[in-house]
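Okay, my_file-v9.txt now, which holds compact mmCIF, N, CA and C atoms and all ligand atoms:
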```txt
# COMPACT_ATOMS: atom_id res chain seq x y z
N MET A 1168 98.43 90.86 88.89
CA MET A 1168 99.75 90.37 88.53
C MET A 1168 99.88 88.93 89.02
N LEU A 1169 100.33 88.04 88.13
CA LEU A 1169 100.42 86.62 88.47
C LEU A 1169 101.86 86.16 88.38
N VAL A 1170 102.23 85.20 89.25
CA VAL A 1170 103.53 84.54 89.16
C VAL A 1170 103.26 83.06 88.95
N THR A 1171 103.84 82.49 87.90
CA THR A 1171 103.66 81.06 87.63
C THR A 1171 105.02 80.37 87.59
N GLU A 1172 104.98 79.07 87.75
CA GLU A 1172 106.19 78.25 87.72
C GLU A 1172 105.93 77.05 86.84
N THR A 1173 106.90 76.71 85.98
CA THR A 1173 106.76 75.52 85.13
C THR A 1173 107.86 74.55 85.49
N GLU A 1174 107.48 73.30 85.75
CA GLU A 1174 108.47 72.25 86.03
C GLU A 1174 109.28 72.01 84.76
N PRO A 1175 110.63 72.27 84.78
CA PRO A 1175 111.40 72.24 83.54
C PRO A 1175 111.49 70.87 82.88
N THR A 1176 111.35 69.78 83.65
CA THR A 1176 111.55 68.45 83.05
C THR A 1176 110.26 67.82 82.54
N THR A 1177 109.15 68.52 82.64
CA THR A 1177 107.88 67.95 82.17
C THR A 1177 107.18 68.96 81.25
N ASN A 1178 106.12 68.49 80.62
CA ASN A 1178 105.29 69.37 79.80
C ASN A 1178 104.07 69.84 80.58
N ALA A 1179 104.13 69.73 81.89
CA ALA A 1179 102.97 70.10 82.71
C ALA A 1179 102.66 71.58 82.55
N ALA A 1180 101.39 71.90 82.73
CA ALA A 1180 100.96 73.30 82.64
C ALA A 1180 101.59 74.10 83.77
N PRO A 1181 101.84 75.40 83.55
CA PRO A 1181 102.38 76.24 84.60
C PRO A 1181 101.47 76.24 85.83
N VAL A 1182 102.08 76.33 86.99
CA VAL A 1182 101.33 76.38 88.25
C VAL A 1182 101.36 77.80 88.77
N LEU A 1183 100.19 78.29 89.18
CA LEU A 1183 100.13 79.63 89.77
C LEU A 1183 100.71 79.57 91.17
N VAL A 1184 101.76 80.34 91.43
CA VAL A 1184 102.39 80.30 92.75
C VAL A 1184 102.15 81.59 93.54
N GLY A 1185 101.68 82.63 92.87
CA GLY A 1185 101.40 83.86 93.62
C GLY A 1185 100.68 84.87 92.77
N PHE A 1186 100.00 85.78 93.45
CA PHE A 1186 99.33 86.85 92.72
C PHE A 1186 99.26 88.10 93.59
N GLY A 1187 99.12 89.23 92.94
CA GLY A 1187 98.88 90.49 93.63
C GLY A 1187 97.82 91.25 92.87
N ALA A 1188 96.90 91.85 93.60
CA ALA A 1188 95.80 92.62 92.98
C ALA A 1188 95.90 94.05 93.46
N PHE A 1189 95.94 94.97 92.51
CA PHE A 1189 96.12 96.39 92.81
C PHE A 1189 94.98 97.19 92.20
N GLN A 1190 94.65 98.29 92.86
CA GLN A 1190 93.61 99.20 92.33
C GLN A 1190 94.17 100.61 92.31
N GLN A 1191 94.09 101.24 91.14
CA GLN A 1191 94.58 102.61 91.00
C GLN A 1191 93.49 103.61 91.34
N LEU A 1192 93.86 104.63 92.15
CA LEU A 1192 92.95 105.71 92.50
C LEU A 1192 93.70 107.01 92.22
N LEU A 1193 93.47 107.59 91.04
CA LEU A 1193 94.21 108.79 90.59
C LEU A 1193 95.70 108.49 90.63
N ASP A 1194 96.48 109.26 91.41
CA ASP A 1194 97.92 109.02 91.43
C ASP A 1194 98.35 108.16 92.62
N GLU A 1195 97.38 107.47 93.23
CA GLU A 1195 97.70 106.54 94.30
C GLU A 1195 97.16 105.16 93.91
N ALA A 1196 97.64 104.14 94.63
CA ALA A 1196 97.15 102.79 94.36
C ALA A 1196 97.02 102.06 95.68
N GLU A 1197 96.17 101.03 95.66
CA GLU A 1197 95.97 100.21 96.85
C GLU A 1197 96.28 98.76 96.50
N LEU A 1198 97.02 98.11 97.37
CA LEU A 1198 97.23 96.67 97.25
C LEU A 1198 96.00 95.99 97.85
N ARG A 1199 95.15 95.43 97.00
CA ARG A 1199 93.90 94.82 97.48
C ARG A 1199 94.14 93.44 98.06
N ASN A 1200 95.09 92.71 97.49
CA ASN A 1200 95.39 91.38 98.02
C ASN A 1200 96.70 90.89 97.44
N ILE A 1201 97.38 90.08 98.19
CA ILE A 1201 98.59 89.41 97.70
C ILE A 1201 98.65 88.06 98.40
N ALA A 1202 99.00 87.03 97.67
CA ALA A 1202 99.11 85.70 98.29
C ALA A 1202 100.09 84.86 97.50
N VAL A 1203 100.81 84.03 98.22
CA VAL A 1203 101.75 83.08 97.63
C VAL A 1203 101.31 81.68 98.06
N ARG A 1204 101.34 80.74 97.12
CA ARG A 1204 100.97 79.35 97.40
C ARG A 1204 101.76 78.87 98.62
N PRO A 1205 101.09 78.25 99.59
CA PRO A 1205 101.78 77.85 100.83
C PRO A 1205 103.08 77.07 100.59
N THR A 1206 103.09 76.20 99.56
CA THR A 1206 104.30 75.41 99.29
C THR A 1206 105.45 76.25 98.75
N HIS A 1207 105.18 77.49 98.36
CA HIS A 1207 106.21 78.34 97.75
C HIS A 1207 106.55 79.56 98.60
N ARG A 1208 106.07 79.60 99.85
CA ARG A 1208 106.34 80.77 100.70
C ARG A 1208 107.77 80.75 101.23
N CYS A 1209 108.21 81.92 101.68
CA CYS A 1209 109.55 82.10 102.26
C CYS A 1209 110.66 81.78 101.25
N ARG A 1210 110.38 82.00 99.96
CA ARG A 1210 111.40 81.82 98.92
C ARG A 1210 111.59 83.10 98.12
N GLY A 1211 111.02 84.19 98.59
CA GLY A 1211 111.21 85.46 97.90
C GLY A 1211 110.18 85.79 96.85
N VAL A 1212 109.15 84.94 96.70
CA VAL A 1212 108.14 85.20 95.67
C VAL A 1212 107.36 86.47 95.99
N GLY A 1213 106.91 86.61 97.23
CA GLY A 1213 106.12 87.79 97.61
C GLY A 1213 106.91 89.08 97.41
N ARG A 1214 108.18 89.07 97.83
CA ARG A 1214 109.01 90.27 97.67
C ARG A 1214 109.22 90.59 96.19
N SER A 1215 109.50 89.58 95.38
CA SER A 1215 109.71 89.81 93.94
C SER A 1215 108.46 90.37 93.28
N LEU A 1216 107.31 89.79 93.66
CA LEU A 1216 106.04 90.22 93.08
C LEU A 1216 105.78 91.69 93.42
N LEU A 1217 105.99 92.03 94.69
CA LEU A 1217 105.73 93.41 95.12
C LEU A 1217 106.74 94.38 94.49
N THR A 1218 107.99 93.96 94.38
CA THR A 1218 109.03 94.82 93.77
C THR A 1218 108.70 95.10 92.31
N GLU A 1219 108.31 94.06 91.57
CA GLU A 1219 107.97 94.24 90.16
C GLU A 1219 106.73 95.12 90.02
N ALA A 1220 105.75 94.89 90.89
CA ALA A 1220 104.52 95.70 90.83
C ALA A 1220 104.83 97.17 91.09
N ILE A 1221 105.72 97.45 92.03
CA ILE A 1221 106.06 98.84 92.35
C ILE A 1221 106.70 99.52 91.13
N HIS A 1222 107.55 98.79 90.40
CA HIS A 1222 108.15 99.37 89.18
C HIS A 1222 107.06 99.71 88.17
N LEU A 1223 106.12 98.79 87.99
CA LEU A 1223 105.04 99.02 87.01
C LEU A 1223 104.15 100.17 87.44
N LEU A 1224 103.83 100.23 88.74
CA LEU A 1224 102.97 101.31 89.24
C LEU A 1224 103.66 102.66 89.10
N ARG A 1225 104.96 102.68 89.37
CA ARG A 1225 105.72 103.94 89.22
C ARG A 1225 105.69 104.40 87.76
N GLU A 1226 105.89 103.44 86.85
CA GLU A 1226 105.85 103.79 85.41
C GLU A 1226 104.47 104.32 85.02
N ALA A 1227 103.44 103.88 85.75
CA ALA A 1227 102.06 104.32 85.46
C ALA A 1227 101.74 105.65 86.14
N GLY A 1228 102.73 106.25 86.83
CA GLY A 1228 102.54 107.56 87.43
C GLY A 1228 102.03 107.54 88.85
N ILE A 1229 102.04 106.36 89.48
CA ILE A 1229 101.57 106.25 90.87
C ILE A 1229 102.67 106.73 91.82
N GLY A 1230 102.28 107.55 92.80
CA GLY A 1230 103.26 108.09 93.74
C GLY A 1230 103.22 107.47 95.11
N ARG A 1231 102.11 106.80 95.45
CA ARG A 1231 101.97 106.26 96.80
C ARG A 1231 101.15 104.98 96.74
N LEU A 1232 101.62 103.97 97.46
CA LEU A 1232 100.92 102.68 97.51
C LEU A 1232 100.45 102.43 98.94
N PHE A 1233 99.16 102.13 99.08
CA PHE A 1233 98.55 101.86 100.38
C PHE A 1233 98.17 100.39 100.48
N LEU A 1234 97.97 99.93 101.69
CA LEU A 1234 97.41 98.59 101.92
C LEU A 1234 96.83 98.53 103.33
N GLU A 1235 95.98 97.51 103.55
CA GLU A 1235 95.50 97.20 104.88
C GLU A 1235 95.98 95.81 105.25
N VAL A 1236 96.31 95.63 106.52
CA VAL A 1236 96.81 94.33 106.96
C VAL A 1236 96.36 94.09 108.40
N ARG A 1237 96.08 92.81 108.69
CA ARG A 1237 95.75 92.45 110.07
C ARG A 1237 96.99 92.61 110.95
N PRO A 1238 96.84 93.23 112.13
CA PRO A 1238 97.98 93.31 113.05
C PRO A 1238 98.56 91.93 113.38
N SER A 1239 97.71 90.89 113.35
CA SER A 1239 98.16 89.53 113.70
C SER A 1239 98.88 88.83 112.55
N ASN A 1240 98.91 89.43 111.35
CA ASN A 1240 99.52 88.77 110.19
C ASN A 1240 101.02 89.09 110.15
N ALA A 1241 101.77 88.36 110.98
CA ALA A 1241 103.20 88.66 111.13
C ALA A 1241 103.98 88.50 109.82
N PRO A 1242 103.76 87.44 109.02
CA PRO A 1242 104.54 87.32 107.77
C PRO A 1242 104.31 88.51 106.84
N ALA A 1243 103.04 88.90 106.65
CA ALA A 1243 102.75 90.01 105.74
C ALA A 1243 103.33 91.32 106.29
N ARG A 1244 103.16 91.55 107.59
CA ARG A 1244 103.70 92.80 108.15
C ARG A 1244 105.22 92.84 108.02
N ALA A 1245 105.87 91.69 108.19
CA ALA A 1245 107.34 91.67 108.06
C ALA A 1245 107.74 91.96 106.62
N LEU A 1246 107.00 91.40 105.66
CA LEU A 1246 107.29 91.67 104.25
C LEU A 1246 107.15 93.16 103.96
N TYR A 1247 106.01 93.74 104.36
CA TYR A 1247 105.76 95.15 104.05
C TYR A 1247 106.80 96.05 104.75
N ALA A 1248 107.08 95.77 106.02
CA ALA A 1248 108.04 96.60 106.75
C ALA A 1248 109.42 96.52 106.11
N SER A 1249 109.79 95.31 105.64
CA SER A 1249 111.13 95.15 105.04
C SER A 1249 111.23 95.89 103.72
N MET A 1250 110.08 96.22 103.11
CA MET A 1250 110.10 96.96 101.86
C MET A 1250 109.89 98.45 102.07
N GLY A 1251 109.79 98.88 103.32
CA GLY A 1251 109.72 100.31 103.62
C GLY A 1251 108.34 100.85 103.91
N PHE A 1252 107.31 100.00 103.86
CA PHE A 1252 105.97 100.47 104.20
C PHE A 1252 105.95 100.90 105.67
N GLN A 1253 105.20 101.98 105.94
CA GLN A 1253 105.07 102.47 107.31
C GLN A 1253 103.60 102.52 107.69
N VAL A 1254 103.32 102.27 108.96
CA VAL A 1254 101.95 102.36 109.46
C VAL A 1254 101.54 103.83 109.49
N VAL A 1255 100.41 104.13 108.81
CA VAL A 1255 99.94 105.52 108.75
C VAL A 1255 98.55 105.67 109.35
N GLY A 1256 97.93 104.58 109.80
CA GLY A 1256 96.60 104.70 110.38
C GLY A 1256 96.05 103.34 110.75
N MET A 1257 94.81 103.36 111.24
CA MET A 1257 94.17 102.13 111.68
C MET A 1257 92.67 102.22 111.40
N ARG A 1258 92.09 101.13 110.92
CA ARG A 1258 90.64 101.07 110.71
C ARG A 1258 90.07 100.11 111.75
N PRO A 1259 89.28 100.66 112.72
CA PRO A 1259 88.74 99.79 113.77
C PRO A 1259 87.76 98.78 113.20
N ALA A 1260 87.82 97.55 113.70
CA ALA A 1260 86.87 96.48 113.36
C ALA A 1260 86.71 96.33 111.85
N TYR A 1261 87.80 96.40 111.12
CA TYR A 1261 87.76 96.35 109.65
C TYR A 1261 87.50 94.92 109.15
N TYR A 1262 88.11 93.96 109.82
CA TYR A 1262 88.00 92.57 109.36
C TYR A 1262 86.94 91.81 110.14
N ALA A 1263 86.38 90.79 109.47
CA ALA A 1263 85.46 89.87 110.12
C ALA A 1263 86.06 88.46 110.04
N ASP A 1264 85.56 87.58 110.93
CA ASP A 1264 85.86 86.15 110.84
C ASP A 1264 87.34 85.81 110.74
N PRO A 1265 88.14 86.05 111.76
CA PRO A 1265 87.76 86.64 113.04
C PRO A 1265 87.84 88.16 112.99
N PRO A 1266 87.05 88.83 113.83
CA PRO A 1266 87.07 90.29 113.85
C PRO A 1266 88.43 90.83 114.27
N GLU A 1267 88.87 91.87 113.58
CA GLU A 1267 90.17 92.47 113.93
C GLU A 1267 90.25 93.85 113.29
N ASP A 1268 90.99 94.75 113.94
CA ASP A 1268 91.26 96.05 113.32
C ASP A 1268 92.16 95.84 112.11
N ALA A 1269 92.29 96.87 111.29
CA ALA A 1269 93.26 96.85 110.19
C ALA A 1269 94.29 97.95 110.39
N LEU A 1270 95.54 97.61 110.17
CA LEU A 1270 96.58 98.63 110.08
C LEU A 1270 96.60 99.14 108.65
N ILE A 1271 96.68 100.45 108.47
CA ILE A 1271 96.87 101.03 107.14
C ILE A 1271 98.36 101.32 107.00
N MET A 1272 98.95 100.81 105.92
CA MET A 1272 100.38 101.06 105.67
C MET A 1272 100.51 101.76 104.32
N ALA A 1273 101.58 102.54 104.19
CA ALA A 1273 101.79 103.28 102.94
C ALA A 1273 103.28 103.31 102.60
N LEU A 1274 103.55 103.41 101.30
CA LEU A 1274 104.92 103.49 100.79
C LEU A 1274 104.97 104.52 99.68
N GLU A 1275 105.90 105.47 99.79
CA GLU A 1275 106.13 106.43 98.70
C GLU A 1275 106.86 105.69 97.58
N ILE A 1276 106.32 105.74 96.36
CA ILE A 1276 106.98 105.04 95.25
C ILE A 1276 107.26 105.98 94.09
N SER A 1277 107.28 107.27 94.39
CA SER A 1277 107.57 108.26 93.34
C SER A 1277 109.00 108.05 92.84
N PRO A 1278 109.36 108.64 91.70
CA PRO A 1278 110.69 108.41 91.14
C PRO A 1278 111.82 108.70 92.11
N ALA A 1279 111.59 109.57 93.10
CA ALA A 1279 112.63 109.85 94.08
C ALA A 1279 112.97 108.62 94.90
N ARG A 1280 112.06 107.61 94.92
CA ARG A 1280 112.33 106.36 95.65
C ARG A 1280 112.66 105.24 94.67
N ALA A 1281 113.40 105.57 93.62
CA ALA A 1281 113.72 104.58 92.60
C ALA A 1281 114.65 103.49 93.12
N ASP A 1282 115.10 103.62 94.40
CA ASP A 1282 115.93 102.56 94.99
C ASP A 1282 115.11 101.32 95.29
N LEU A 1283 113.76 101.46 95.32
CA LEU A 1283 112.90 100.32 95.67
C LEU A 1283 112.71 99.39 94.48
C1 LIG A 1301 102.56 87.43 103.09
C2 LIG A 1301 103.02 86.53 101.95
C3 LIG A 1301 102.44 87.04 100.63
C4 LIG A 1301 104.57 86.60 101.87
O1 LIG A 1301 104.98 85.90 100.70
P1 LIG A 1301 106.39 85.10 100.65
O2 LIG A 1301 106.66 84.76 99.24
O3 LIG A 1301 106.35 83.98 101.62
O4 LIG A 1301 107.39 86.22 101.17
P2 LIG A 1301 108.97 86.31 100.82
O5 LIG A 1301 109.56 84.92 100.80
O6 LIG A 1301 109.14 87.15 99.62
O7 LIG A 1301 109.52 87.04 102.12
C5 LIG A 1301 109.85 88.43 102.09
C6 LIG A 1301 110.01 88.92 103.54
O8 LIG A 1301 108.77 88.81 104.23
C7 LIG A 1301 109.01 88.43 105.59
N1 LIG A 1301 108.40 87.14 105.83
C8 LIG A 1301 107.81 86.32 104.90
N2 LIG A 1301 107.30 85.23 105.49
C9 LIG A 1301 107.56 85.36 106.83
C10 LIG A 1301 107.26 84.58 107.97
N3 LIG A 1301 106.58 83.41 107.88
N4 LIG A 1301 107.66 85.02 109.18
C11 LIG A 1301 108.32 86.19 109.29
N5 LIG A 1301 108.65 86.99 108.25
C12 LIG A 1301 108.26 86.58 107.04
C13 LIG A 1301 110.52 88.41 105.77
O9 LIG A 1301 110.93 89.70 106.16
C14 LIG A 1301 110.98 88.12 104.36
O10 LIG A 1301 112.28 88.58 104.11
P3 LIG A 1301 113.56 87.59 104.31
O11 LIG A 1301 113.28 86.39 103.46
O12 LIG A 1301 114.72 88.41 103.82
O13 LIG A 1301 113.60 87.26 105.76
C15 LIG A 1301 102.63 85.04 102.22
O14 LIG A 1301 103.00 84.70 103.52
C16 LIG A 1301 101.13 84.77 102.03
O15 LIG A 1301 100.67 84.47 100.92
N6 LIG A 1301 100.37 84.84 103.14
C17 LIG A 1301 98.90 84.54 103.08
C18 LIG A 1301 98.14 85.64 102.41
C19 LIG A 1301 98.31 86.95 103.13
O16 LIG A 1301 98.34 87.03 104.36
N7 LIG A 1301 98.43 88.03 102.34
C20 LIG A 1301 98.58 89.38 102.87
C21 LIG A 1301 97.25 90.06 103.03
S1 LIG A 1301 97.45 91.70 103.72
```

Reformat the file's structure so that it appears as C-alpha cells.
Ligand SMILES: CC(C)(COP(=O)(O)OP(=O)(O)OC[C@H]1O[C@@H](n2cnc3c(N)ncnc32)[C@H](O)[C@@H]1OP(=O)(O)O)[C@@H](O)C(=O)NCCC(=O)NCCS
Amino acid sequence: MLVTETEPTTNAAPVLVGFGAFQQLLDEAELRNIAVRPTHRCRGVGRSLLTEAIHLLREAGIGRLFLEVRPSNAPARALYASMGFQVVGMRPAYYADPPEDALIMALEISPARADL
C-alpha cells in the first residue's frame, strides 16, 4: 500500500510519502514493514495508512494482524499501541545491526472490531 502526495500548484510527479507492506497467512496477516518519509512524519500519515489497510484486510477476511517491532522504536510502538495493538510475545535476538530482540504485537481486526 502506497501513500503519495502531489504539490497542487505544480505539474510535478507525485511524491511517495509512505508505504506499508503486508503478507497474508490464511486468515491472519503480518505487517512486514511500514515507513513514512522523514519530512512527512508526525502528520497522521502512518495512522491513516494503517487504518485504511486494516479496513482492506478485514474485507479480505483477515481476523488478526501481527507485527514485529524493536523495543527501542518508540515512535512505531506508540503508533501501534495507540491503535490497540498489544504485545503478545518476544523473539530473542531477532534484529541485527544493531542486535535487538523483537516484540511481537497483535491486533484483532475481525468485524467485531469494526470501530478500528
Ligand atoms: C513509525 C512511523 C511509520 C510513524 O509514522 P507517522 O506518520 O509519523 O505517524 P503518525 O503521524 O500517524 O502518528 C500516529 C501516532 O504514532 C505515535 N507517534 C508517531 N511518531 C511519534 C514520535 N516521534 N514519538 C512518539 N510517538 C509518535 C503517536 O502516538 C501518534 O499519535 P498522535 O499524533 O495522536 O500523538 C514513522 O515514524 C516511520 O516511518 N519510522 C521509520 C520506519 C519504522 O520504524 N517503521 C516501523 C517498523 S516496525

Residues within 7 Å of ligand LIG 1301 (chain A), counting only C-alpha atoms and all ligand atoms, as a list in words: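 Written in the requested form, the residues are Asn1200, Ile1201, Ala1202, Val1203, Arg1204, Pro1205, His1207, Arg1208, Cys1209, Arg1210, Gly1211, Val1212, Gly1213, Arg1214, Ser1215, Glu1235, Val1236, Arg1237, Asn1240, Ala1241, Pro1242, Ala1243, Ala1245, Leu1246 and Ser1249 of chain A.
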
Which residues in segment 1169-1261 of chain A does DSSP call helix (DSSP H, G or I)? List them as a JSON list (two decimals) with N, CA and C atoms, keeping the file's coordinate frame.
```json
[["chain", "number", "residue", "atom", "x", "y", "z"],
["A", 1205, "PRO", "N", 101.09, 78.25, 99.59],
["A", 1205, "PRO", "CA", 101.78, 77.85, 100.83],
["A", 1205, "PRO", "C", 103.08, 77.07, 100.59],
["A", 1206, "THR", "N", 103.09, 76.20, 99.56],
["A", 1206, "THR", "CA", 104.30, 75.41, 99.29],
["A", 1206, "THR", "C", 105.45, 76.25, 98.75],
["A", 1207, "HIS", "N", 105.18, 77.49, 98.36],
["A", 1207, "HIS", "CA", 106.21, 78.34, 97.75],
["A", 1207, "HIS", "C", 106.55, 79.56, 98.60],
["A", 1212, "VAL", "N", 109.15, 84.94, 96.70],
["A", 1212, "VAL", "CA", 108.14, 85.20, 95.67],
["A", 1212, "VAL", "C", 107.36, 86.47, 95.99],
["A", 1213, "GLY", "N", 106.91, 86.61, 97.23],
["A", 1213, "GLY", "CA", 106.12, 87.79, 97.61],
["A", 1213, "GLY", "C", 106.91, 89.08, 97.41],
["A", 1214, "ARG", "N", 108.18, 89.07, 97.83],
["A", 1214, "ARG", "CA", 109.01, 90.27, 97.67],
["A", 1214, "ARG", "C", 109.22, 90.59, 96.19],
["A", 1215, "SER", "N", 109.50, 89.58, 95.38],
["A", 1215, "SER", "CA", 109.71, 89.81, 93.94],
["A", 1215, "SER", "C", 108.46, 90.37, 93.28],
["A", 1216, "LEU", "N", 107.31, 89.79, 93.66],
["A", 1216, "LEU", "CA", 106.04, 90.22, 93.08],
["A", 1216, "LEU", "C", 105.78, 91.69, 93.42],
["A", 1217, "LEU", "N", 105.99, 92.03, 94.69],
["A", 1217, "LEU", "CA", 105.73, 93.41, 95.12],
["A", 1217, "LEU", "C", 106.74, 94.38, 94.49],
["A", 1218, "THR", "N", 107.99, 93.96, 94.38],
["A", 1218, "THR", "CA", 109.03, 94.82, 93.77],
["A", 1218, "THR", "C", 108.70, 95.10, 92.31],
["A", 1219, "GLU", "N", 108.31, 94.06, 91.57],
["A", 1219, "GLU", "CA", 107.97, 94.24, 90.16],
["A", 1219, "GLU", "C", 106.73, 95.12, 90.02],
["A", 1220, "ALA", "N", 105.75, 94.89, 90.89],
["A", 1220, "ALA", "CA", 104.52, 95.70, 90.83],
["A", 1220, "ALA", "C", 104.83, 97.17, 91.09],
["A", 1221, "ILE", "N", 105.72, 97.45, 92.03],
["A", 1221, "ILE", "CA", 106.06, 98.84, 92.35],
["A", 1221, "ILE", "C", 106.70, 99.52, 91.13],
["A", 1222, "HIS", "N", 107.55, 98.79, 90.40],
["A", 1222, "HIS", "CA", 108.15, 99.37, 89.18],
["A", 1222, "HIS", "C", 107.06, 99.71, 88.17],
["A", 1223, "LEU", "N", 106.12, 98.79, 87.99],
["A", 1223, "LEU", "CA", 105.04, 99.02, 87.01],
["A", 1223, "LEU", "C", 104.15, 100.17, 87.44],
["A", 1224, "LEU", "N", 103.83, 100.23, 88.74],
["A", 1224, "LEU", "CA", 102.97, 101.31, 89.24],
["A", 1224, "LEU", "C", 103.66, 102.66, 89.10],
["A", 1225, "ARG", "N", 104.96, 102.68, 89.37],
["A", 1225, "ARG", "CA", 105.72, 103.94, 89.22],
["A", 1225, "ARG", "C", 105.69, 104.40, 87.76],
["A", 1226, "GLU", "N", 105.89, 103.44, 86.85],
["A", 1226, "GLU", "CA", 105.85, 103.79, 85.41],
["A", 1226, "GLU", "C", 104.47, 104.32, 85.02],
["A", 1241, "ALA", "N", 101.77, 88.36, 110.98],
["A", 1241, "ALA", "CA", 103.20, 88.66, 111.13],
["A", 1241, "ALA", "C", 103.98, 88.50, 109.82],
["A", 1242, "PRO", "N", 103.76, 87.44, 109.02],
["A", 1242, "PRO", "CA", 104.54, 87.32, 107.77],
["A", 1242, "PRO", "C", 104.31, 88.51, 106.84],
["A", 1243, "ALA", "N", 103.04, 88.90, 106.65],
["A", 1243, "ALA", "CA", 102.75, 90.01, 105.74],
["A", 1243, "ALA", "C", 103.33, 91.32, 106.29],
["A", 1244, "ARG", "N", 103.16, 91.55, 107.59],
["A", 1244, "ARG", "CA", 103.70, 92.80, 108.15],
["A", 1244, "ARG", "C", 105.22, 92.84, 108.02],
["A", 1245, "ALA", "N", 105.87, 91.69, 108.19],
["A", 1245, "ALA", "CA", 107.34, 91.67, 108.06],
["A", 1245, "ALA", "C", 107.74, 91.96, 106.62],
["A", 1246, "LEU", "N", 107.00, 91.40, 105.66],
["A", 1246, "LEU", "CA", 107.29, 91.67, 104.25],
["A", 1246, "LEU", "C", 107.15, 93.16, 103.96],
["A", 1247, "TYR", "N", 106.01, 93.74, 104.36],
["A", 1247, "TYR", "CA", 105.76, 95.15, 104.05],
["A", 1247, "TYR", "C", 106.80, 96.05, 104.75],
["A", 1248, "ALA", "N", 107.08, 95.77, 106.02],
["A", 1248, "ALA", "CA", 108.04, 96.60, 106.75],
["A", 1248, "ALA", "C", 109.42, 96.52, 106.11],
["A", 1249, "SER", "N", 109.79, 95.31, 105.64],
["A", 1249, "SER", "CA", 111.13, 95.15, 105.04],
["A", 1249, "SER", "C", 111.23, 95.89, 103.72]]
```

Option closest in space to Ala1273 of chain A, from A:Ala1227, A:Ala1248, A:Ala1188, A:Val1254 [counting only N, CA and C atoms]: A:Val1254

Å distance separating atom CA of Met1257 of chain A from atom CA of Leu1270 of chain A, one decimal place: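 Value for the atom CA of Met1257 of chain A-atom CA of Leu1270 of chain A distance: 4.5 Å.
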
Contact residues around segment 1217-1226 of chain A with only N, CA and C atoms at 7 Å, ignoring same-chain residues under 5 positions, as a PyMOL selection string: chain A and resi 1212+1276-1278+1283

d(atom N of Arg1231 of chain A, atom CA of Ala1269 of chain A) in Å: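 Spanning atom N of Arg1231 of chain A to atom CA of Ala1269 of chain A is a straight-line distance of 19.9 Å.
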
Between atom CA of Ala1196 of chain A and atom CA of Tyr1261 of chain A, distance in Å (one decimal): 19.1 Å

Within-7 Å shell of (97.7, 101.8, 102.1) in input frame, all atoms listed in the file, as a list of chain:residue names: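 Counting all atoms listed in the file, I find these residues within 7 Å of (97.7, 101.8, 102.1): A:Ala1196, A:Glu1197, A:Leu1198, A:Leu1232, A:Phe1233, A:Leu1234, A:Glu1235, A:Ile1271, A:Met1272, A:Ala1273, A:Leu1274.
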
In segment 1168-1281 of chain A, DSSP strand (DSSP E or B) residues written as a PyMOL selection string: chain A and resi 1169-1172+1182-1192+1195-1203+1231-1236+1253-1262+1267-1275

Might I get the box with edges along x, y and z of the file that holds all atoms of segment 1264-1270 of chain A listed there, padded by 8 Å on every side, given as centre and edge lengths in Å to one decimal, as JSON?
```
{"center_x": 91.1, "center_y": 92.5, "center_z": 111.5, "size_x": 27.0, "size_y": 29.3, "size_z": 21.6}
```
